file my_file14.txt (compact mmCIF, C-alpha atoms and all ligand atoms)
# COMPACT_ATOMS: atom_id res chain seq x y z
CA MET A 1 70.57 -8.13 -23.14
CA ALA A 2 73.64 -10.25 -22.56
CA LEU A 3 76.83 -8.77 -23.91
CA THR A 4 78.86 -11.76 -24.94
CA SER A 5 82.54 -11.67 -25.64
CA SER A 6 85.44 -13.35 -24.02
CA ILE A 7 89.07 -12.85 -23.25
CA ASP A 8 91.84 -15.44 -23.06
CA ILE A 9 95.03 -14.93 -21.10
CA LEU A 10 98.00 -16.64 -22.76
CA PRO A 11 100.97 -17.20 -20.42
CA LEU A 12 104.19 -16.60 -22.36
CA GLY A 13 106.88 -18.10 -20.18
CA PHE A 14 105.20 -16.51 -17.15
CA THR A 15 103.51 -19.35 -15.28
CA ASP A 16 102.50 -18.11 -11.82
CA GLU A 17 99.09 -19.78 -11.83
CA ALA A 18 97.76 -18.09 -8.68
CA PHE A 19 98.70 -14.67 -10.09
CA LEU A 20 97.13 -15.41 -13.48
CA SER A 21 93.91 -16.71 -12.01
CA LYS A 22 93.62 -13.62 -9.79
CA LEU A 23 94.30 -11.50 -12.88
CA SER A 24 91.56 -13.24 -14.84
CA GLU A 25 89.08 -12.57 -12.04
CA ARG A 26 89.97 -8.88 -11.73
CA LEU A 27 89.87 -8.35 -15.51
CA GLY A 28 86.52 -10.08 -15.66
CA THR A 29 85.13 -7.71 -13.03
CA ILE A 30 86.49 -4.55 -14.63
CA LEU A 31 85.66 -5.47 -18.23
CA GLY A 32 82.44 -7.34 -17.50
CA GLN A 33 83.49 -10.28 -19.67
CA PRO A 34 84.38 -13.89 -19.06
CA VAL A 35 88.16 -14.24 -18.86
CA ASN A 36 90.01 -17.56 -18.94
CA VAL A 37 93.62 -18.55 -18.57
CA LEU A 38 94.92 -20.78 -21.36
CA GLN A 39 97.33 -23.64 -20.76
CA SER A 40 100.45 -22.84 -22.70
CA LYS A 41 104.06 -23.80 -22.94
CA THR A 42 104.72 -21.01 -25.44
CA GLU A 43 107.92 -19.05 -24.91
CA PRO A 44 108.53 -15.76 -26.70
CA SER A 45 112.07 -16.77 -27.71
CA HIS A 46 111.31 -16.26 -31.43
CA ALA A 47 110.91 -12.51 -30.77
CA PHE A 48 114.32 -12.02 -29.13
CA ASP A 49 116.57 -9.32 -30.59
CA SER A 50 120.13 -10.23 -29.65
CA ARG A 51 121.43 -6.72 -30.31
CA ARG A 52 118.87 -4.97 -28.06
CA LYS A 53 118.61 -7.90 -25.60
CA GLN A 54 114.87 -7.31 -25.64
CA TYR A 55 111.84 -8.96 -27.23
CA SER A 56 109.83 -7.49 -30.09
CA SER A 57 106.25 -7.05 -28.93
CA THR A 58 105.20 -6.68 -32.58
CA ASP A 59 106.53 -10.17 -33.35
CA ILE A 60 104.84 -11.58 -30.26
CA LEU A 61 101.50 -10.04 -31.27
CA LYS A 62 101.79 -11.60 -34.72
CA GLU A 63 102.45 -15.00 -33.17
CA ILE A 64 99.70 -14.93 -30.54
CA SER A 65 97.05 -13.69 -33.00
CA SER A 66 97.39 -17.11 -34.61
CA LYS A 67 96.79 -18.86 -31.25
CA ARG A 68 93.38 -17.32 -30.67
CA ALA A 69 90.84 -19.97 -29.72
CA PRO A 70 87.76 -20.27 -31.96
CA GLY A 71 84.88 -18.16 -30.67
CA SER A 72 87.11 -16.11 -28.42
CA ARG A 73 87.26 -12.45 -29.21
CA LYS A 74 90.47 -11.32 -27.54
CA ILE A 75 93.76 -12.82 -26.43
CA ILE A 76 96.32 -11.20 -24.16
CA GLY A 77 99.82 -12.60 -23.73
CA VAL A 78 101.45 -12.16 -20.32
CA THR A 79 105.22 -12.35 -20.15
CA ASP A 80 108.14 -11.50 -17.94
CA VAL A 81 110.59 -10.55 -20.69
CA ASP A 82 111.41 -6.94 -21.56
CA LEU A 83 109.46 -5.73 -24.60
CA TYR A 84 110.21 -3.10 -27.25
CA VAL A 85 108.80 -1.67 -30.44
CA SER A 86 111.26 -0.31 -32.97
CA SER A 87 110.54 3.37 -32.24
CA LEU A 88 110.76 3.17 -28.42
CA ASN A 89 113.27 2.06 -25.76
CA PHE A 90 110.69 -0.21 -24.19
CA VAL A 91 106.96 -0.78 -23.87
CA PHE A 92 104.88 -2.04 -20.95
CA GLY A 93 102.65 -3.66 -23.54
CA GLN A 94 101.23 -3.40 -27.02
CA ALA A 95 97.95 -4.21 -28.75
CA HIS A 96 96.32 -4.30 -32.15
CA LEU A 97 93.92 -1.33 -32.14
CA ARG A 98 90.42 -2.70 -32.83
CA GLY A 99 92.09 -6.07 -33.25
CA GLN A 100 92.24 -9.32 -31.34
CA ALA A 101 95.65 -9.51 -29.72
CA ALA A 102 97.47 -7.75 -26.90
CA VAL A 103 100.59 -8.44 -24.87
CA ILE A 104 101.93 -7.08 -21.60
CA SER A 105 105.20 -7.59 -19.74
CA LEU A 106 105.77 -7.64 -16.00
CA ALA A 107 109.48 -6.89 -16.46
CA ARG A 108 109.19 -3.14 -15.85
CA LEU A 109 106.19 -3.35 -13.53
CA ARG A 110 108.23 -5.06 -10.82
CA PRO A 111 109.36 -2.67 -8.05
CA SER A 112 112.75 -4.47 -8.09
CA PHE A 113 113.36 -3.15 -11.62
CA TYR A 114 113.54 0.33 -9.97
CA ARG A 115 115.63 -1.00 -7.07
CA GLU A 116 112.62 -0.87 -4.78
CA ASP A 117 111.40 -3.59 -2.43
CA GLU A 118 109.20 -6.29 -3.96
CA ASP A 119 105.54 -5.55 -3.40
CA SER A 120 103.17 -8.18 -4.75
CA LYS A 121 100.07 -6.00 -4.34
CA LEU A 122 101.67 -3.15 -6.27
CA LEU A 123 102.88 -5.50 -9.00
CA PHE A 124 99.41 -7.01 -9.32
CA SER A 125 97.70 -3.64 -9.52
CA ARG A 126 100.16 -2.38 -12.16
CA THR A 127 99.59 -5.57 -14.16
CA VAL A 128 95.82 -5.10 -14.03
CA LYS A 129 96.19 -1.51 -15.28
CA GLU A 130 98.40 -2.46 -18.20
CA ALA A 131 96.18 -5.41 -19.13
CA VAL A 132 92.99 -3.30 -19.06
CA HIS A 133 94.78 -0.58 -21.05
CA GLU A 134 95.98 -2.91 -23.82
CA LEU A 135 92.67 -4.80 -23.97
CA GLY A 136 90.95 -1.39 -24.17
CA HIS A 137 92.93 -0.74 -27.36
CA THR A 138 91.75 -4.03 -28.86
CA TYR A 139 88.17 -2.82 -28.30
CA GLY A 140 89.03 0.39 -30.16
CA LEU A 141 89.63 2.76 -27.24
CA THR A 142 92.43 5.28 -27.85
CA HIS A 143 94.54 7.23 -25.35
CA CYS A 144 92.66 9.36 -22.84
CA SER A 145 93.83 12.75 -21.58
CA ASP A 146 92.55 12.03 -18.05
CA ARG A 147 95.75 11.03 -16.20
CA GLY A 148 93.73 8.97 -13.73
CA CYS A 149 92.03 6.97 -16.46
CA VAL A 150 93.40 3.53 -17.25
CA MET A 151 93.48 4.52 -20.96
CA SER A 152 95.96 7.36 -20.40
CA PHE A 153 99.38 6.75 -21.98
CA SER A 154 102.13 5.65 -19.59
CA ASN A 155 105.62 6.77 -20.40
CA SER A 156 107.03 5.69 -17.05
CA ILE A 157 106.13 3.59 -14.04
CA ARG A 158 105.06 6.79 -12.23
CA ASP A 159 102.42 7.33 -14.92
CA VAL A 160 101.20 3.76 -14.35
CA ASP A 161 100.95 4.40 -10.61
CA LEU A 162 98.99 7.61 -11.21
CA LYS A 163 96.16 5.90 -12.98
CA ARG A 164 93.31 3.76 -11.72
CA GLU A 165 92.57 0.19 -12.79
CA SER A 166 89.34 1.29 -14.45
CA PHE A 167 88.05 3.56 -17.22
CA CYS A 168 87.02 7.19 -16.67
CA GLU A 169 83.32 7.92 -17.22
CA SER A 170 83.83 8.87 -20.85
CA CYS A 171 85.93 5.79 -21.74
CA LYS A 172 83.49 3.59 -19.84
CA ARG A 173 80.65 4.98 -21.95
CA ARG A 174 82.58 4.38 -25.17
CA TYR A 175 83.49 0.86 -24.09
CA GLY A 176 79.82 0.09 -23.40
CA GLU A 177 78.84 1.48 -26.82
CA ILE A 178 81.49 -0.66 -28.54
CA LEU A 179 80.27 -3.83 -26.79
CA ARG A 180 76.66 -3.08 -27.70
CA ARG A 181 77.63 -2.55 -31.34
CA GLN A 182 79.49 -5.85 -31.36
CA SER A 183 76.57 -7.78 -29.94
CA CYS A 184 74.10 -6.43 -32.55
CA PRO A 185 76.02 -6.16 -35.82
ZN ZN B 201 98.22 2.69 -25.08
ZN ZN B 202 89.40 7.83 -20.13

call {"tool": "encode", "arguments": {"input": "my_file14.txt", "output": "structure tokens", "more": "lines below"}}
Ligand SMILES: [Zn+2]
Ligand SMILES: [Zn+2]
result
Amino acid sequence: MALTSSIDILPLGFTDEAFLSKLSERLGTILGQPVNVLQSKTEPSHAFDSRRKQYSSTDILKEISSKRAPGSRKIIGVTDVDLYVSSLNFVFGQAHLRGQAAVISLARLRPSFYREDEDSKLLFSRTVKEAVHELGHTYGLTHCSDRGCVMSFSNSIRDVDLKRESFCESCKRRYGEILRRQSCP
């Protein structure tokens, strides 16, 4: 039985095409779904909070939900600007639980943010983890207590580095169940 669903990557001011196409491939492999990169000139400027000098990920989610292509199940915005939600200093990303939209930021995934040398492999791997994590939420997966599982909550970049790019056995099972339920309503 074919499990059909699809994921769109929406560049939000972040336009490194080689990076985004590599990301779509890796996400497709991990999530077992077709992933495409949308063409977009969208900037997240509407979500800027001039007092915090950060961007509201909640506002961005609201905006990108409306950009979802017909027939596509999920959309994930990828940006370089620093994101926050009102209750936290920052977030690596945010998603609508069991919803359609997710967003991640590379701002705090870059080694240079921590005054460390740039490392494109490390940045890519961190991005994959955060993207899988937030997309996992859109499929209804909640936080996992296994620190190595991609669905564990990351409070800091060290937490991100501790986890793998993929689901633990239990999250993988749940993810498979969710997809099967979606394909036979
Ligand atoms: Zn989470
Ligand atoms: Zn897990």

call {"tool": "residues_near_ligand", "arguments": {"input": "my_file14.txt", "ligand": "ligand ZN 202 (chain B)", "cutoff": "8 Å", "atoms": "only C-alpha atoms and all ligand atoms", "output": "CSV table (one decimal) with C-alpha atoms, in the coordinates of the input"}}
result
chain,number,residue,atom,x,y,z
A,143,HIS,CA,94.5,7.2,-25.4
A,144,CYS,CA,92.7,9.4,-22.8
A,145,SER,CA,93.8,12.8,-21.6
A,146,ASP,CA,92.6,12.0,-18.0
A,148,GLY,CA,93.7,9.0,-13.7
A,149,CYS,CA,92.0,7.0,-16.5
A,150,VAL,CA,93.4,3.5,-17.2
A,151,MET,CA,93.5,4.5,-21.0
A,152,SER,CA,96.0,7.4,-20.4
A,167,PHE,CA,88.0,3.6,-17.2
A,168,CYS,CA,87.0,7.2,-16.7
A,169,GLU,CA,83.3,7.9,-17.2
A,170,SER,CA,83.8,8.9,-20.8
A,171,CYS,CA,85.9,5.8,-21.7
A,172,LYS,CA,83.5,3.6,-19.8

call {"tool": "closest_residue", "arguments": {"input": "my_file14.txt", "among": "A:Ile76, A:Ala107, A:Leu12, A:Ala18", "to": "Val91 of chain A", "atoms": "all atoms listed in the file"}}
result
A:Ala107

call {"tool": "residues_near_ligand", "arguments": {"input": "my_file14.txt", "ligand": "ligand ZN 201 (chain B)", "cutoff": "9 Å", "atoms": "all atoms listed in the file", "output": "PyMOL selection string"}}
result
chain A and resi 93-95+130+133-134+136-137+141-144+151-154

call {"tool": "residues_near_point", "arguments": {"input": "my_file14.txt", "point": "(103.9, -13.3, -26.4)", "cutoff": "8 Å", "atoms": "only C-alpha atoms", "output": "ChimeraX atom specification"}}
result
/A:10-12,42-44,57,60-61,63-64,77-79,103

call {"tool": "closest_residue", "arguments": {"input": "my_file14.txt", "among": "A:Arg110, A:Arg147, A:His46, A:Arg180", "to": "Arg164 of chain A", "atoms": "only C-alpha atoms"}}
result
A:Arg147

call {"tool": "closest_residue", "arguments": {"input": "my_file14.txt", "among": "A:Asp49, A:Gln33, A:Ala101, A:Val81", "to": "Lys62 of chain A", "atoms": "all atoms listed in the file"}}
result
A:Ala101

call {"tool": "closest_residue", "arguments": {"input": "my_file14.txt", "among": "A:Leu83, A:Ile104, A:Leu122, A:Leu135", "to": "Leu27 of chain A", "atoms": "all atoms listed in the file"}}
result
A:Leu135

call {"tool": "atom_distance", "arguments": {"input": "my_file14.txt", "atom1": "atom CA of Glu17 of chain A", "atom2": "atom CA of Gln39 of chain A"}}
result
9.9 Å

call {"tool": "decode", "arguments": {"input": "my_file14.txt", "residues": "segment 31-118 of chain A", "atoms": "C-alpha atoms", "output": "PDB file, in the first residue's frame"}}
result
ATOM      1  CA  LEU A  31      10.157  10.624   6.545  1.00  0.00           C
ATOM      2  CA  GLY A  32       9.498   8.390   3.539  1.00  0.00           C
ATOM      3  CA  GLN A  33       7.530  11.116   1.769  1.00  0.00           C
ATOM      4  CA  PRO A  34       8.011  13.208  -1.336  1.00  0.00           C
ATOM      5  CA  VAL A  35       9.492  16.577  -0.359  1.00  0.00           C
ATOM      6  CA  ASN A  36       9.700  19.567  -2.698  1.00  0.00           C
ATOM      7  CA  VAL A  37      11.203  23.005  -2.406  1.00  0.00           C
ATOM      8  CA  LEU A  38       8.819  25.834  -3.296  1.00  0.00           C
ATOM      9  CA  GLN A  39       9.906  28.928  -5.182  1.00  0.00           C
ATOM     10  CA  SER A  40       9.284  31.849  -2.897  1.00  0.00           C
ATOM     11  CA  LYS A  41      10.224  35.442  -2.432  1.00  0.00           C
ATOM     12  CA  THR A  42       8.443  35.563   0.916  1.00  0.00           C
ATOM     13  CA  GLU A  43      10.275  37.387   3.697  1.00  0.00           C
ATOM     14  CA  PRO A  44       9.187  37.056   7.314  1.00  0.00           C
ATOM     15  CA  SER A  45       9.375  40.836   7.890  1.00  0.00           C
ATOM     16  CA  HIS A  46       5.709  41.002   8.978  1.00  0.00           C
ATOM     17  CA  ALA A  47       6.596  38.927  12.064  1.00  0.00           C
ATOM     18  CA  PHE A  48       9.369  41.220  13.319  1.00  0.00           C
ATOM     19  CA  ASP A  49       9.101  42.473  16.901  1.00  0.00           C
ATOM     20  CA  SER A  50      11.122  45.673  17.102  1.00  0.00           C
ATOM     21  CA  ARG A  51      11.352  45.545  20.899  1.00  0.00           C
ATOM     22  CA  ARG A  52      12.736  41.969  21.036  1.00  0.00           C
ATOM     23  CA  LYS A  53      14.610  42.266  17.707  1.00  0.00           C
ATOM     24  CA  GLN A  54      13.325  38.789  16.939  1.00  0.00           C
ATOM     25  CA  TYR A  55      10.600  37.283  14.752  1.00  0.00           C
ATOM     26  CA  SER A  56       7.395  35.737  16.062  1.00  0.00           C
ATOM     27  CA  SER A  57       7.260  32.121  14.922  1.00  0.00           C
ATOM     28  CA  THR A  58       3.541  32.079  15.769  1.00  0.00           C
ATOM     29  CA  ASP A  59       2.909  34.882  13.262  1.00  0.00           C
ATOM     30  CA  ILE A  60       5.041  33.135  10.645  1.00  0.00           C
ATOM     31  CA  LEU A  61       3.089  29.882  11.108  1.00  0.00           C
ATOM     32  CA  LYS A  62      -0.180  31.743  10.621  1.00  0.00           C
ATOM     33  CA  GLU A  63       1.116  33.286   7.407  1.00  0.00           C
ATOM     34  CA  ILE A  64       2.599  30.132   5.871  1.00  0.00           C
ATOM     35  CA  SER A  65      -0.481  28.006   6.649  1.00  0.00           C
ATOM     36  CA  SER A  66      -2.230  30.156   4.066  1.00  0.00           C
ATOM     37  CA  LYS A  67       0.486  29.421   1.464  1.00  0.00           C
ATOM     38  CA  ARG A  68      -0.003  25.674   1.516  1.00  0.00           C
ATOM     39  CA  ALA A  69      -0.295  24.295  -2.004  1.00  0.00           C
ATOM     40  CA  PRO A  70      -3.493  22.367  -2.822  1.00  0.00           C
ATOM     41  CA  GLY A  71      -3.072  18.644  -2.233  1.00  0.00           C
ATOM     42  CA  SER A  72       0.031  19.106  -0.133  1.00  0.00           C
ATOM     43  CA  ARG A  73      -0.254  17.942   3.419  1.00  0.00           C
ATOM     44  CA  LYS A  74       2.545  19.807   5.174  1.00  0.00           C
ATOM     45  CA  ILE A  75       4.574  22.957   4.707  1.00  0.00           C
ATOM     46  CA  ILE A  76       7.762  23.885   6.527  1.00  0.00           C
ATOM     47  CA  GLY A  77       9.239  27.378   6.391  1.00  0.00           C
ATOM     48  CA  VAL A  78      13.026  27.661   6.551  1.00  0.00           C
ATOM     49  CA  THR A  79      14.488  30.959   7.658  1.00  0.00           C
ATOM     50  CA  ASP A  80      17.664  32.528   8.932  1.00  0.00           C
ATOM     51  CA  VAL A  81      16.064  35.031  11.309  1.00  0.00           C
ATOM     52  CA  ASP A  82      15.945  34.501  15.073  1.00  0.00           C
ATOM     53  CA  LEU A  83      12.563  33.155  16.214  1.00  0.00           C
ATOM     54  CA  TYR A  84      10.653  33.456  19.492  1.00  0.00           C
ATOM     55  CA  VAL A  85       7.351  32.544  21.048  1.00  0.00           C
ATOM     56  CA  SER A  86       6.006  34.824  23.759  1.00  0.00           C
ATOM     57  CA  SER A  87       6.837  32.475  26.653  1.00  0.00           C
ATOM     58  CA  LEU A  88      10.441  31.691  25.636  1.00  0.00           C
ATOM     59  CA  ASN A  89      13.675  33.580  24.880  1.00  0.00           C
ATOM     60  CA  PHE A  90      13.979  31.839  21.543  1.00  0.00           C
ATOM     61  CA  VAL A  91      12.904  28.743  19.634  1.00  0.00           C
ATOM     62  CA  PHE A  92      14.755  26.646  17.066  1.00  0.00           C
ATOM     63  CA  GLY A  93      11.383  26.097  15.435  1.00  0.00           C
ATOM     64  CA  GLN A  94       7.677  25.736  16.005  1.00  0.00           C
ATOM     65  CA  ALA A  95       4.827  23.706  14.526  1.00  0.00           C
ATOM     66  CA  HIS A  96       1.090  23.277  14.685  1.00  0.00           C
ATOM     67  CA  LEU A  97       0.578  19.970  16.529  1.00  0.00           C
ATOM     68  CA  ARG A  98      -1.443  17.680  14.222  1.00  0.00           C
ATOM     69  CA  GLY A  99      -1.619  20.640  11.860  1.00  0.00           C
ATOM     70  CA  GLN A 100      -0.141  21.571   8.518  1.00  0.00           C
ATOM     71  CA  ALA A 101       2.538  24.154   9.158  1.00  0.00           C
ATOM     72  CA  ALA A 102       5.993  24.223  10.715  1.00  0.00           C
ATOM     73  CA  VAL A 103       8.898  26.654  10.704  1.00  0.00           C
ATOM     74  CA  ILE A 104      12.561  26.342  11.616  1.00  0.00           C
ATOM     75  CA  SER A 105      15.383  28.868  11.858  1.00  0.00           C
ATOM     76  CA  LEU A 106      19.056  28.338  11.121  1.00  0.00           C
ATOM     77  CA  ALA A 107      20.015  31.374  13.215  1.00  0.00           C
ATOM     78  CA  ARG A 108      20.885  29.411  16.364  1.00  0.00           C
ATOM     79  CA  LEU A 109      21.971  26.250  14.556  1.00  0.00           C
ATOM     80  CA  ARG A 110      25.017  27.967  13.080  1.00  0.00           C
ATOM     81  CA  PRO A 111      28.249  27.188  14.981  1.00  0.00           C
ATOM     82  CA  SER A 112      29.208  30.880  14.555  1.00  0.00           C
ATOM     83  CA  PHE A 113      26.289  31.857  16.814  1.00  0.00           C
ATOM     84  CA  TYR A 114      28.262  30.119  19.620  1.00  0.00           C
ATOM     85  CA  ARG A 115      31.548  31.670  18.461  1.00  0.00           C
ATOM     86  CA  GLU A 116      32.641  28.365  16.974  1.00  0.00           C
ATOM     87  CA  ASP A 117      34.091  27.773  13.516  1.00  0.00           C
ATOM     88  CA  GLU A 118      31.606  27.396  10.664  1.00  0.00           C
TER      89      GLU A 118
END
